[in-house]
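Chemist: What follows is work_32.txt, compact mmCIF, C-alpha atoms and all ligand atoms.
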```
# COMPACT_ATOMS: atom_id res chain seq x y z
CA MET A 140 0.00 0.00 0.00
CA LYS A 141 1.20 3.47 -0.84
CA ILE A 142 1.36 6.30 1.64
CA ILE A 143 0.98 9.85 0.36
CA THR A 144 2.23 12.29 2.94
CA GLU A 145 1.96 16.05 2.61
CA GLU A 146 5.63 16.07 1.50
CA VAL A 147 4.99 13.46 -1.21
CA LEU A 148 1.96 15.33 -2.58
CA THR A 149 3.94 18.57 -2.55
CA GLU A 150 6.75 16.88 -4.51
CA LEU A 151 4.26 15.38 -6.95
CA ILE A 152 2.67 18.78 -7.58
CA LYS A 153 6.11 20.35 -8.01
CA ILE A 154 7.07 17.77 -10.63
CA TYR A 155 3.72 17.83 -12.39
CA GLY A 156 2.89 21.54 -12.00
CA PHE A 157 0.17 23.16 -9.89
CA GLU A 158 -1.90 24.28 -12.89
CA ASN A 159 -1.48 20.92 -14.64
CA TYR A 160 -2.69 19.11 -11.53
CA LEU A 161 -5.72 21.44 -11.23
CA LYS A 162 -6.46 21.09 -14.95
CA ASP A 163 -6.35 17.29 -14.76
CA LEU A 164 -8.41 17.32 -11.60
CA MET A 165 -11.09 19.46 -13.28
CA LYS A 166 -11.18 17.01 -16.19
CA LYS A 167 -11.42 14.06 -13.81
CA LEU A 168 -14.12 15.73 -11.71
CA ARG A 169 -16.18 16.36 -14.83
CA GLU A 170 -15.81 12.75 -15.95
CA ASP A 171 -16.63 11.37 -12.50
CA PHE A 172 -19.64 13.68 -11.98
CA SER A 173 -20.85 12.54 -15.42
CA ARG A 174 -20.92 8.96 -14.05
CA TRP A 175 -23.13 10.12 -11.14
CA GLU A 176 -25.50 7.13 -11.27
CA GLU A 177 -22.59 4.64 -11.15
CA PHE A 178 -21.57 5.76 -7.65
CA ASN A 179 -22.88 4.31 -4.45
CA LYS A 180 -23.20 7.45 -2.31
CA ILE A 181 -24.70 8.65 0.94
CA PRO A 182 -24.93 12.07 2.59
CA ARG A 183 -21.89 12.16 4.90
CA PRO A 184 -22.41 11.18 8.52
CA SER A 185 -21.32 14.11 10.67
CA MET A 186 -20.88 14.52 14.41
CA GLN A 187 -21.33 17.94 15.93
CA VAL A 188 -18.79 18.31 18.75
CA PRO A 189 -17.95 21.26 20.99
CA GLY A 190 -16.39 23.93 18.75
CA GLY A 191 -16.65 22.00 15.52
CA VAL A 192 -17.78 19.09 13.41
CA LEU A 193 -16.24 15.72 12.47
CA GLU A 194 -17.23 14.12 9.18
CA LEU A 195 -16.69 10.83 7.37
CA MET A 196 -17.09 10.84 3.58
CA PRO A 197 -17.35 7.41 1.89
CA ILE A 198 -18.18 6.59 -1.75
CA CYS A 199 -17.54 3.78 -4.24
CA ASP A 200 -18.00 2.77 -7.85
CA LYS A 201 -17.27 -0.59 -9.50
CA LYS A 202 -13.51 -0.22 -9.04
CA TYR A 203 -12.59 1.88 -6.01
CA TYR A 204 -13.87 2.82 -2.59
CA THR A 205 -12.62 6.05 -1.02
CA PHE A 206 -13.25 7.81 2.24
CA LYS A 207 -12.09 10.98 3.90
CA TYR A 208 -12.08 11.96 7.54
CA VAL A 209 -12.36 15.74 7.88
CA ASN A 210 -13.12 18.28 10.58
CA CYS A 211 -14.03 21.95 10.77
CA HIS A 212 -13.07 23.81 13.97
CA PRO A 213 -13.26 27.56 13.21
CA LYS A 214 -11.49 28.57 16.44
CA ASN A 215 -8.46 26.31 15.87
CA PRO A 216 -6.30 29.11 14.36
CA GLU A 217 -6.38 30.86 17.79
CA THR A 218 -4.10 28.02 18.98
CA LYS A 219 -2.11 27.86 15.72
CA LEU A 220 -4.01 24.85 14.40
CA MET A 221 -5.77 24.71 11.05
CA THR A 222 -9.56 25.01 10.85
CA VAL A 223 -9.82 22.09 8.42
CA VAL A 224 -7.55 19.02 8.31
CA ALA A 225 -8.20 15.65 6.71
CA THR A 226 -6.88 12.17 5.98
CA GLY A 227 -8.18 9.56 3.58
CA GLN A 228 -7.94 6.18 1.94
CA LEU A 229 -8.45 4.49 -1.42
CA SER A 230 -9.29 0.77 -1.56
CA ARG A 231 -10.00 -1.71 -4.35
CA ILE A 232 -13.54 -2.97 -4.15
CA ASP A 233 -12.93 -6.47 -5.54
CA THR A 234 -10.82 -7.49 -2.53
CA GLY A 235 -11.40 -4.59 -0.11
CA TYR A 236 -7.64 -4.17 0.25
CA PRO A 237 -6.42 -0.57 0.74
CA LEU A 238 -4.17 0.74 -2.05
CA LEU A 239 -3.43 4.20 -0.72
CA VAL A 240 -3.51 6.07 2.57
CA SER A 241 -3.21 9.78 2.10
CA GLU A 242 -3.06 13.23 3.52
CA MET A 243 -6.30 15.00 2.53
CA THR A 244 -5.83 18.56 3.79
CA LEU A 245 -4.12 19.75 0.60
CA HIS A 246 -6.30 17.44 -1.47
CA THR A 247 -9.39 19.10 0.05
CA ALA A 248 -8.21 22.58 -0.89
CA LEU A 249 -7.32 21.41 -4.41
CA ARG A 250 -10.57 19.57 -5.09
CA THR A 251 -12.72 22.34 -3.59
CA ALA A 252 -10.99 24.90 -5.79
CA ALA A 253 -11.23 22.68 -8.89
CA THR A 254 -14.93 21.88 -8.38
CA THR A 255 -15.73 25.53 -7.67
CA ALA A 256 -13.88 26.59 -10.82
CA LEU A 257 -15.88 24.11 -12.89
CA ALA A 258 -19.16 25.30 -11.37
CA THR A 259 -18.09 28.89 -12.01
CA ASP A 260 -17.30 28.06 -15.62
CA PHE A 261 -20.89 26.91 -16.17
CA LEU A 262 -22.58 29.59 -14.07
CA ALA A 263 -20.65 32.87 -14.22
CA ARG A 264 -20.96 35.35 -17.07
CA LYS A 265 -18.34 34.70 -19.75
CA ASN A 266 -17.10 38.29 -19.48
CA SER A 267 -16.57 38.14 -15.69
CA LYS A 268 -13.44 40.11 -14.78
CA ILE A 269 -13.73 41.00 -11.10
CA HIS A 270 -13.62 38.28 -8.46
CA ALA A 271 -14.37 39.20 -4.84
CA ILE A 272 -13.47 36.82 -2.04
CA ILE A 273 -14.61 37.11 1.56
CA GLY A 274 -12.44 35.01 3.87
CA THR A 275 -8.75 34.83 3.00
CA GLY A 276 -7.86 31.75 5.05
CA ALA A 277 -6.34 28.40 4.09
CA GLN A 278 -8.63 27.67 1.10
CA SER A 279 -8.54 31.15 -0.42
CA GLU A 280 -5.47 31.16 -2.69
CA PHE A 281 -6.43 27.78 -4.17
CA LEU A 282 -9.86 29.19 -5.07
CA ILE A 283 -8.38 32.35 -6.57
CA LYS A 284 -5.89 30.42 -8.71
CA ALA A 285 -8.44 27.85 -9.92
CA LEU A 286 -11.09 30.45 -10.82
CA SER A 287 -8.49 32.41 -12.76
CA MET A 288 -8.10 29.33 -14.95
CA VAL A 289 -11.72 29.53 -16.15
CA ARG A 290 -12.24 33.30 -16.42
CA ASP A 291 -9.99 36.15 -17.48
CA ILE A 292 -9.87 37.71 -14.01
CA LYS A 293 -8.39 41.22 -14.06
CA GLU A 294 -9.00 42.16 -10.44
CA VAL A 295 -9.33 40.29 -7.14
CA ARG A 296 -11.01 42.15 -4.29
CA TYR A 297 -10.74 40.67 -0.83
CA PHE A 298 -11.79 41.10 2.74
CA ASP A 299 -11.25 39.16 5.96
CA ILE A 300 -12.01 40.20 9.55
CA ASP A 301 -8.41 39.18 10.31
CA SER A 302 -5.98 41.66 8.74
CA LEU A 303 -3.10 39.18 9.14
CA ALA A 304 -5.00 36.70 6.94
CA MET A 305 -5.19 39.43 4.28
CA ASP A 306 -1.43 40.13 4.62
CA LYS A 307 -0.73 36.42 4.07
CA PHE A 308 -3.10 36.32 1.06
CA GLU A 309 -1.31 39.34 -0.50
CA LYS A 310 2.09 37.77 0.04
CA ASN A 311 1.05 34.44 -1.50
CA LEU A 312 -0.54 36.02 -4.57
CA LYS A 313 2.10 38.69 -5.16
CA GLY A 314 3.13 38.84 -8.81
CA SER A 315 -0.22 37.48 -10.09
CA ALA A 316 -1.52 38.78 -13.41
CA PHE A 317 -4.57 40.41 -11.78
CA LYS A 318 -4.82 43.59 -9.73
CA MET A 319 -5.23 43.00 -5.99
CA THR A 320 -7.57 45.29 -4.06
CA ARG A 321 -7.69 45.08 -0.28
CA CYS A 322 -11.09 46.17 1.05
CA LYS A 323 -12.28 47.66 4.33
CA ASN A 324 -15.35 45.45 4.53
CA ALA A 325 -17.30 42.82 2.63
CA GLU A 326 -19.66 45.37 1.08
CA GLU A 327 -16.77 47.27 -0.49
CA ALA A 328 -15.28 44.01 -1.78
CA VAL A 329 -18.41 42.78 -3.54
CA LYS A 330 -19.45 46.13 -5.02
CA GLY A 331 -19.14 45.78 -8.80
CA ALA A 332 -17.80 42.21 -8.61
CA ASP A 333 -18.86 39.70 -11.27
CA ILE A 334 -18.05 36.65 -9.15
CA ILE A 335 -18.26 36.53 -5.35
CA THR A 336 -16.76 33.70 -3.33
CA THR A 337 -17.48 33.39 0.37
CA CYS A 338 -15.09 31.15 2.26
CA THR A 339 -15.38 32.11 5.91
CA ALA A 340 -15.43 29.88 8.97
CA CYS A 341 -17.92 30.57 11.74
CA LYS A 342 -20.25 28.02 13.29
CA ALA A 343 -23.40 30.13 13.05
CA HIS A 344 -25.85 31.65 10.60
CA VAL A 345 -23.88 34.76 9.59
CA ASP A 346 -24.90 37.27 6.91
CA VAL A 347 -21.43 37.52 5.38
CA LEU A 348 -23.22 38.70 2.22
CA LYS A 349 -26.24 40.99 2.48
CA ASN A 350 -29.04 40.83 -0.03
CA ASP A 351 -28.84 44.57 -0.82
CA TRP A 352 -25.27 44.22 -2.07
CA ILE A 353 -26.10 41.55 -4.66
CA LYS A 354 -26.75 42.95 -8.11
CA SER A 355 -28.19 41.09 -11.11
CA GLY A 356 -25.79 39.03 -13.22
CA VAL A 357 -23.54 38.06 -10.33
CA HIS A 358 -22.34 34.51 -9.68
CA ILE A 359 -21.83 33.50 -6.03
CA ASN A 360 -19.77 30.56 -4.77
CA GLY A 361 -20.90 29.84 -1.21
CA ILE A 362 -18.11 27.62 0.11
CA GLY A 363 -17.98 28.20 3.87
CA GLY A 364 -21.60 27.32 4.76
CA ASP A 365 -21.14 23.58 4.96
CA THR A 366 -22.62 22.07 8.07
CA VAL A 367 -25.73 22.17 10.21
CA GLY A 368 -26.23 25.68 11.65
CA LYS A 369 -23.38 27.21 9.58
CA THR A 370 -24.34 29.48 6.66
CA GLU A 371 -22.96 32.66 5.08
CA LEU A 372 -25.69 34.28 2.98
CA GLU A 373 -28.59 36.48 4.00
CA PHE A 374 -31.59 34.27 3.41
CA LEU A 375 -33.21 36.68 0.93
CA ILE A 376 -30.34 36.06 -1.50
CA LEU A 377 -31.47 32.45 -1.90
CA SER A 378 -34.91 33.33 -3.16
CA ARG A 379 -33.39 35.59 -5.85
CA SER A 380 -30.84 33.02 -7.03
CA LYS A 381 -30.68 30.13 -9.44
CA ILE A 382 -29.25 27.54 -7.06
CA VAL A 383 -26.99 24.64 -7.97
CA VAL A 384 -25.87 22.14 -5.32
CA GLU A 385 -23.52 19.17 -5.48
CA TYR A 386 -25.85 16.56 -3.99
CA PHE A 387 -29.29 17.57 -2.81
CA ASP A 388 -29.57 15.04 0.04
CA GLN A 389 -26.40 16.38 1.64
CA ALA A 390 -26.95 20.04 0.79
CA ILE A 391 -30.40 20.10 2.43
CA ALA A 392 -28.74 19.29 5.77
CA GLU A 393 -25.54 21.30 5.40
CA GLY A 394 -25.72 23.94 2.68
CA GLU A 395 -27.24 27.39 2.46
CA ILE A 396 -30.46 25.61 1.45
CA GLN A 397 -30.76 24.10 4.94
CA ARG A 398 -32.73 27.27 5.69
CA PHE A 399 -35.62 26.04 3.51
CA ASP A 400 -37.73 23.06 4.48
CA ARG A 401 -37.11 20.05 2.24
CA LYS A 402 -40.21 20.61 0.09
CA GLU A 403 -39.42 24.27 -0.49
CA ALA A 404 -35.77 23.43 -1.21
CA LYS A 405 -36.78 20.82 -3.81
CA LYS A 406 -38.67 23.55 -5.66
CA LYS A 407 -35.95 26.14 -5.18
CA VAL A 408 -32.88 24.14 -6.23
CA TYR A 409 -32.41 24.32 -9.99
CA ALA A 410 -29.91 21.49 -10.43
CA GLU A 411 -27.31 19.17 -9.00
CA LEU A 412 -23.84 19.73 -10.41
CA TYR A 413 -23.78 16.55 -12.52
CA GLU A 414 -26.87 17.74 -14.43
CA ILE A 415 -24.99 20.87 -15.45
CA PHE A 416 -21.74 19.07 -16.26
CA THR A 417 -23.54 16.53 -18.49
CA GLY A 418 -25.63 19.16 -20.27
CA LYS A 419 -28.87 17.66 -18.93
CA LYS A 420 -29.60 21.17 -17.69
CA SER A 421 -28.06 24.36 -18.96
CA GLY A 422 -25.88 26.61 -16.79
CA ARG A 423 -26.37 30.37 -16.87
CA ALA A 424 -29.30 31.28 -19.10
CA ASN A 425 -28.83 35.06 -19.46
CA GLU A 426 -26.71 38.02 -18.36
CA LYS A 427 -29.13 39.09 -15.65
CA GLU A 428 -29.75 36.10 -13.42
CA ILE A 429 -28.03 35.64 -10.08
CA THR A 430 -26.48 32.19 -9.86
CA LEU A 431 -25.42 30.47 -6.65
CA TYR A 432 -23.19 27.44 -6.29
CA ASP A 433 -24.12 26.28 -2.79
CA SER A 434 -21.16 24.02 -1.99
CA VAL A 435 -20.68 21.75 1.01
CA GLY A 436 -18.08 19.39 -0.45
CA ILE A 437 -19.01 15.80 -1.29
CA ALA A 438 -17.18 12.46 -1.25
CA LEU A 439 -17.11 12.27 -5.06
CA GLU A 440 -14.72 15.24 -5.17
CA ASP A 441 -12.31 13.41 -2.86
CA TYR A 442 -12.68 10.25 -4.95
CA SER A 443 -11.58 12.20 -8.04
CA ALA A 444 -8.61 13.75 -6.24
CA LEU A 445 -7.47 10.48 -4.64
CA THR A 446 -7.71 8.47 -7.86
CA LEU A 447 -5.84 11.17 -9.79
CA THR A 448 -3.08 11.30 -7.19
CA TYR A 449 -2.88 7.51 -7.17
CA GLU A 450 -2.41 7.40 -10.96
CA LEU A 451 0.24 10.15 -10.86
CA ALA A 452 2.07 8.65 -7.87
CA GLN A 453 2.26 5.29 -9.68
CA LYS A 454 3.50 6.96 -12.86
CA HIS A 455 6.19 9.03 -11.12
CA ASN A 456 7.06 6.30 -8.63
CA LEU A 457 6.28 8.51 -5.62
CA GLY A 458 5.03 7.54 -2.18
CA GLU A 459 6.48 4.97 0.15
CA GLU A 460 5.11 1.42 0.05
CA ILE A 461 4.13 0.29 3.54
CA ASN A 462 2.24 -2.64 5.04
CA LEU A 463 -0.79 -1.65 7.03
CA THR A 464 -2.35 -5.02 6.24
CA PRO A 465 -0.62 -8.36 6.90
CA VAL A 466 1.24 -10.12 4.08
CA LEU A 467 0.73 -13.85 4.66
CA SER A 468 1.58 -16.96 2.69
CA ASN A 469 -1.41 -18.62 4.36
CA PRO A 470 -4.20 -16.02 4.61
CA LYS A 471 -5.81 -17.94 7.46
CA ASP A 472 -2.65 -17.96 9.54
CA LEU A 473 -2.83 -14.44 10.99
CA ILE A 474 -1.29 -15.41 14.30
CA SER A 475 1.94 -16.31 12.48
CA VAL A 476 2.83 -12.62 12.21
CA LEU A 477 3.26 -12.61 16.00
CA ASN A 478 5.62 -15.60 16.01
N1 LIG A 501 -17.50 23.52 0.46
C1 LIG A 501 -16.39 22.83 0.58
O1 LIG A 501 -16.15 21.86 -0.13
C2 LIG A 501 -15.38 23.26 1.60
C3 LIG A 501 -14.09 22.72 1.56
C4 LIG A 501 -13.14 23.19 2.47
C5 LIG A 501 -13.50 24.12 3.43
N2 LIG A 501 -14.79 24.58 3.46
C6 LIG A 501 -15.19 25.59 4.43
O2 LIG A 501 -14.59 26.80 4.04
C7 LIG A 501 -14.40 27.63 5.18
C8 LIG A 501 -13.01 28.20 5.17
O3 LIG A 501 -12.06 27.19 5.34
P1 LIG A 501 -10.53 27.56 5.59
O4 LIG A 501 -9.80 26.27 5.65
O5 LIG A 501 -10.10 28.59 4.60
O6 LIG A 501 -10.64 28.21 7.04
P2 LIG A 501 -9.68 29.33 7.70
O7 LIG A 501 -10.05 29.37 9.14
O8 LIG A 501 -8.28 29.11 7.32
O9 LIG A 501 -10.16 30.69 6.98
C9 LIG A 501 -11.41 31.27 7.21
C10 LIG A 501 -11.24 32.78 7.23
O10 LIG A 501 -12.53 33.38 7.33
C11 LIG A 501 -12.38 34.58 8.09
N3 LIG A 501 -13.70 35.02 8.54
C12 LIG A 501 -14.51 34.44 9.47
N4 LIG A 501 -15.68 35.13 9.54
C13 LIG A 501 -15.61 36.13 8.65
C14 LIG A 501 -16.50 37.16 8.24
N5 LIG A 501 -17.70 37.29 8.79
N6 LIG A 501 -16.09 38.02 7.28
C15 LIG A 501 -14.86 37.91 6.71
N7 LIG A 501 -13.98 36.94 7.05
C16 LIG A 501 -14.34 36.07 8.00
C17 LIG A 501 -11.41 34.18 9.19
O11 LIG A 501 -10.79 35.30 9.78
C18 LIG A 501 -10.44 33.29 8.42
O12 LIG A 501 -9.30 34.01 7.97
C19 LIG A 501 -14.69 26.75 6.39
O13 LIG A 501 -15.96 27.10 6.90
C20 LIG A 501 -14.72 25.34 5.85
O14 LIG A 501 -15.59 24.49 6.55
C21 LIG A 501 -15.72 24.18 2.57
```
What's the C-alpha cells form of this structure?
Modeler:
Amino acid sequence: MKIITEEVLTELIKIYGFENYLKDLMKKLREDFSRWEEFNKIPRPSMQVPGGVLELMPICDKKYYTFKYVNCHPKNPETKLMTVVATGQLSRIDTGYPLLVSEMTLHTALRTAATTALATDFLARKNSKIHAIIGTGAQSEFLIKALSMVRDIKEVRYFDIDSLAMDKFEKNLKGSAFKMTRCKNAEEAVKGADIITTCTACKAHVDVLKNDWIKSGVHINGIGGDTVGKTELEFLILSRSKIVVEYFDQAIAEGEIQRFDRKEAKKKVYAELYEIFTGKKSGRANEKEITLYDSVGIALEDYSALTLTYELAQKHNLGEEINLTPVLSNPKDLISVLN
C-alpha cells in the first residue's frame, strides 16, 4: 500500500505543475460527476462536537472505494491549528484491500478549488473580470488560482475580519496577473464584482453577504456554509438566485439551502452539479440572473482527487510502500505474524 504524505503530494505537484494538476483534476471531476448514477453514495455522517464538526465521507463505484475523515473547527487558528484538516484512503472494491492512505488537507483545498472553478465556468458570465473573495484563510489562494483558470480575471477584491489573513493572502498572490484590491469590509469588496466567493469559517448563521449588495448578473460561490447551523448568505439572496448544489440530500442538511424546508428546497434548487456538467440542464441562461453554487463538499470530489493522485504517484514512482495489512503466505494464519 502506498502512503501519500503532505511532502509526497507537494513533490508530486512540483514535478507535475500546480496548474497541470488542477487542470487534470477538473477534467477528472467532470468525468466522474458525469458517471453520477454509477456511484454508491450517501450524505456524509457528521458529528457535531464542541467547537466543531467531524465528518466521514465514503463513496464507491465498480472499481474503487474512497473515504475521507475531515473536521471543521473555526477557532483552531487561535491556537495555531488549522480550521480544516483531513486524511483519507483508497481501496480496491474487488478485494477490499487498501491501495493508498493519504493526507487529505491539501487534497481538500485542491478539489474544492477545482470543483468551484468548474461550477463557475458553467454559471458565471463569460465576461466576468472582477472576483471578490470574503475570507482569505487556508482555502482562499487555491480558489483564486483555480477560478483564474476559467475566467480572465483582471481584479481580485478581498476582505477578511483578520488583517493578518489578508497580509498572508497578498504575500502568496504577489506577482499574479490580476490587480489585488484590499477592502475595508465585505460590502466594499463585492461592489461591482462579477463573481463573489465566500469562504469564511464561523459556526453560526452569519450574513457575510447581504441581499442589498447583490446585483443582477452576479455569480456566487458559497463555500464556507457547509454544516448544520453554519451558513454565510442572507436568506433573501437564496430566493433571488438560481441555485446549484452538489448533492441535494447532503446540501439540504448542510448547505445554504438548509434554511428552507425540504419541500421548499426541492422547488428552489435548480440542479445538482452533474446535471450541469452533463448538459442535462443548462448553466447560466442570461446576463441578468443571479447564480449560486451552494457548496458543502461531497465524497465524489475526494474520490476524483485520490484516484488522480494515485495514478500520478504510480506513474512518477512517488510515495512509500508500507504494510498496514498483513502479508501472509497462508491467509488464514494471521497469528503467524506474532511468532
Ligand atoms: N465547500 C467545501 O467543499 C469546503 C471545503 C473546504 C473548506 N470549506 C469551508 O470553508 C471555510 C473556510 O475554510 P478555511 O480552511 O479557509 O478556514 P480558515 O479558518 O483558514 O479561513 C477562514 C477565514 O474566514 C475569516 N472570517 C470568518 N468570519 C468572517 C466574516 N464574517 N467576514 C470575513 N472573514 C471572515 C477568518 O478570519 C479566516 O481568515 C470553512 O468554513 C470550511 O468548513 C468548505
Chemist: Considering only C-alpha atoms and all ligand atoms, state which residue in the set A:Asp301, A:Glu393, A:Asp351, A:Glu440 is at the smallest distance from ligand LIG 501 (chain A).
Modeler: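 When distances to ligand LIG 501 (chain A) are compared using only C-alpha atoms and all ligand atoms, the smallest one comes from A:Asp301.
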Chemist: Excluding Lys354 in chain A and its own-chain neighbours fewer than 3 positions away, which residues fall within 10 Å of it when counting only C-alpha atoms? Please give them as a list of chain:residue names.
Modeler: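 Counting only the stated atoms, we get A:Val329, A:Lys330, A:Gly331, A:Ala332, A:Asp333, A:Asn350, A:Asp351, A:Val357, A:His358, A:Lys427, A:Glu428, A:Ile429.
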Chemist: Box in all listed atoms of ligand LIG 501 (chain A), axis-aligned, with 5 Å more on each side; write out centre and edge lengths in Å to one decimal as AutoDock Vina command-line options.
Modeler:
```
--center_x -13.0 --center_y 29.9 --center_z 4.8 --size_x 19.4 --size_y 26.2 --size_z 19.9
```
Chemist: Do a neighbour search on Met221 in chain A at 9 Å with only C-alpha atoms, toss out local chain neighbours closer than 3 positions, and write the hits as a list in words.
Modeler: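 Near neighbours after the sequence-gap exclusion: Cys211, His212, Pro213, Lys214, Asn215, Pro216, Thr218, Val224 and Ala277 of chain A.
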Chemist: Can you work out the spacing between CA of Lys167 in chain A and CA of Thr366 in chain A in Å, to one decimal?
Modeler: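 Between CA of Lys167 in chain A and CA of Thr366 in chain A the gap is 25.9 Å.
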Chemist: Could the residues that lie within 7 Å of ligand LIG 501 (chain A), counting only C-alpha atoms and all ligand atoms, be listed as number ranges by chain?
Modeler: A: 211, 213, 216, 221-223, 247-248, 251, 273-279, 298-301, 304, 325, 338-341, 345, 347, 362-365, 434-437
Chemist: List the neighbours of Ala316 in chain A out to 12 Å using only C-alpha atoms; skip same-chain residues closer than 5 positions along the sequence, and give me the result as a list in words.
Modeler: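 Selected residues are Ile283, Lys284, Ser287, Met288, Asp291, Ile292, Lys293, Glu294 and Val295 of chain A.
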Chemist: Could you write out that same residue set with C-alpha atoms as a PDB file, keeping the file's coordinate frame?
Modeler:
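To be explicit, this is the file written out as selection.pdb:
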```pdb
ATOM      1  CA  ILE A 283      -8.380  32.350  -6.570  1.00  0.00           C
ATOM      2  CA  LYS A 284      -5.890  30.420  -8.710  1.00  0.00           C
ATOM      3  CA  SER A 287      -8.490  32.410 -12.760  1.00  0.00           C
ATOM      4  CA  MET A 288      -8.100  29.330 -14.950  1.00  0.00           C
ATOM      5  CA  ASP A 291      -9.990  36.150 -17.480  1.00  0.00           C
ATOM      6  CA  ILE A 292      -9.870  37.710 -14.010  1.00  0.00           C
ATOM      7  CA  LYS A 293      -8.390  41.220 -14.060  1.00  0.00           C
ATOM      8  CA  GLU A 294      -9.000  42.160 -10.440  1.00  0.00           C
ATOM      9  CA  VAL A 295      -9.330  40.290  -7.140  1.00  0.00           C
TER      10      VAL A 295
END
```
Chemist: Quick one: of A:Ala424, A:Met196, A:Ile143, A:Ala410, who's nearest to Ala438 in chain A, counting only C-alpha atoms?
Modeler: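 Smallest distance to Ala438 in chain A is found for A:Met196.
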Chemist: Can range 191-207 of chain A be brought up to N, CA and C atoms and written out as a short mmCIF file (atom, residue, chain, number, x, y, z; two decimals), in the frame of the given file?
Modeler:
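Result written to result-v9.cif:
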```cif
data_model
loop_
_atom_site.label_atom_id
_atom_site.label_comp_id
_atom_site.auth_asym_id
_atom_site.auth_seq_id
_atom_site.Cartn_x
_atom_site.Cartn_y
_atom_site.Cartn_z
N GLY A 191 -16.88 22.42 16.90
CA GLY A 191 -16.65 22.00 15.52
C GLY A 191 -17.52 20.85 15.07
N VAL A 192 -17.06 20.23 13.97
CA VAL A 192 -17.78 19.09 13.41
C VAL A 192 -16.76 18.09 12.87
N LEU A 193 -17.09 16.79 12.99
CA LEU A 193 -16.24 15.72 12.47
C LEU A 193 -17.06 14.94 11.45
N GLU A 194 -16.46 14.72 10.27
CA GLU A 194 -17.23 14.12 9.18
C GLU A 194 -16.49 12.97 8.53
N LEU A 195 -17.25 11.97 8.09
CA LEU A 195 -16.69 10.83 7.37
C LEU A 195 -17.34 10.79 5.99
N MET A 196 -16.53 10.67 4.93
CA MET A 196 -17.09 10.84 3.58
C MET A 196 -16.76 9.64 2.69
N PRO A 197 -17.60 8.60 2.71
CA PRO A 197 -17.35 7.41 1.89
C PRO A 197 -18.09 7.43 0.55
N ILE A 198 -17.52 6.74 -0.43
CA ILE A 198 -18.18 6.59 -1.75
C ILE A 198 -17.51 5.44 -2.48
N CYS A 199 -18.23 4.76 -3.38
CA CYS A 199 -17.54 3.78 -4.24
C CYS A 199 -18.22 3.65 -5.59
N ASP A 200 -17.44 3.18 -6.56
CA ASP A 200 -18.00 2.77 -7.85
C ASP A 200 -17.63 1.30 -8.03
N LYS A 201 -17.53 0.85 -9.28
CA LYS A 201 -17.27 -0.59 -9.50
C LYS A 201 -15.80 -0.95 -9.31
N LYS A 202 -14.95 0.07 -9.13
CA LYS A 202 -13.51 -0.22 -9.04
C LYS A 202 -12.91 0.15 -7.68
N TYR A 203 -13.24 1.37 -7.22
CA TYR A 203 -12.59 1.88 -6.01
C TYR A 203 -13.59 2.33 -4.96
N TYR A 204 -13.14 2.25 -3.72
CA TYR A 204 -13.87 2.82 -2.59
C TYR A 204 -12.94 3.86 -1.98
N THR A 205 -13.45 5.06 -1.71
CA THR A 205 -12.62 6.05 -1.02
C THR A 205 -13.37 6.60 0.18
N PHE A 206 -12.61 7.04 1.16
CA PHE A 206 -13.25 7.81 2.24
C PHE A 206 -12.30 8.87 2.73
N LYS A 207 -12.89 9.92 3.28
CA LYS A 207 -12.09 10.98 3.90
C LYS A 207 -12.63 11.23 5.30
#
```
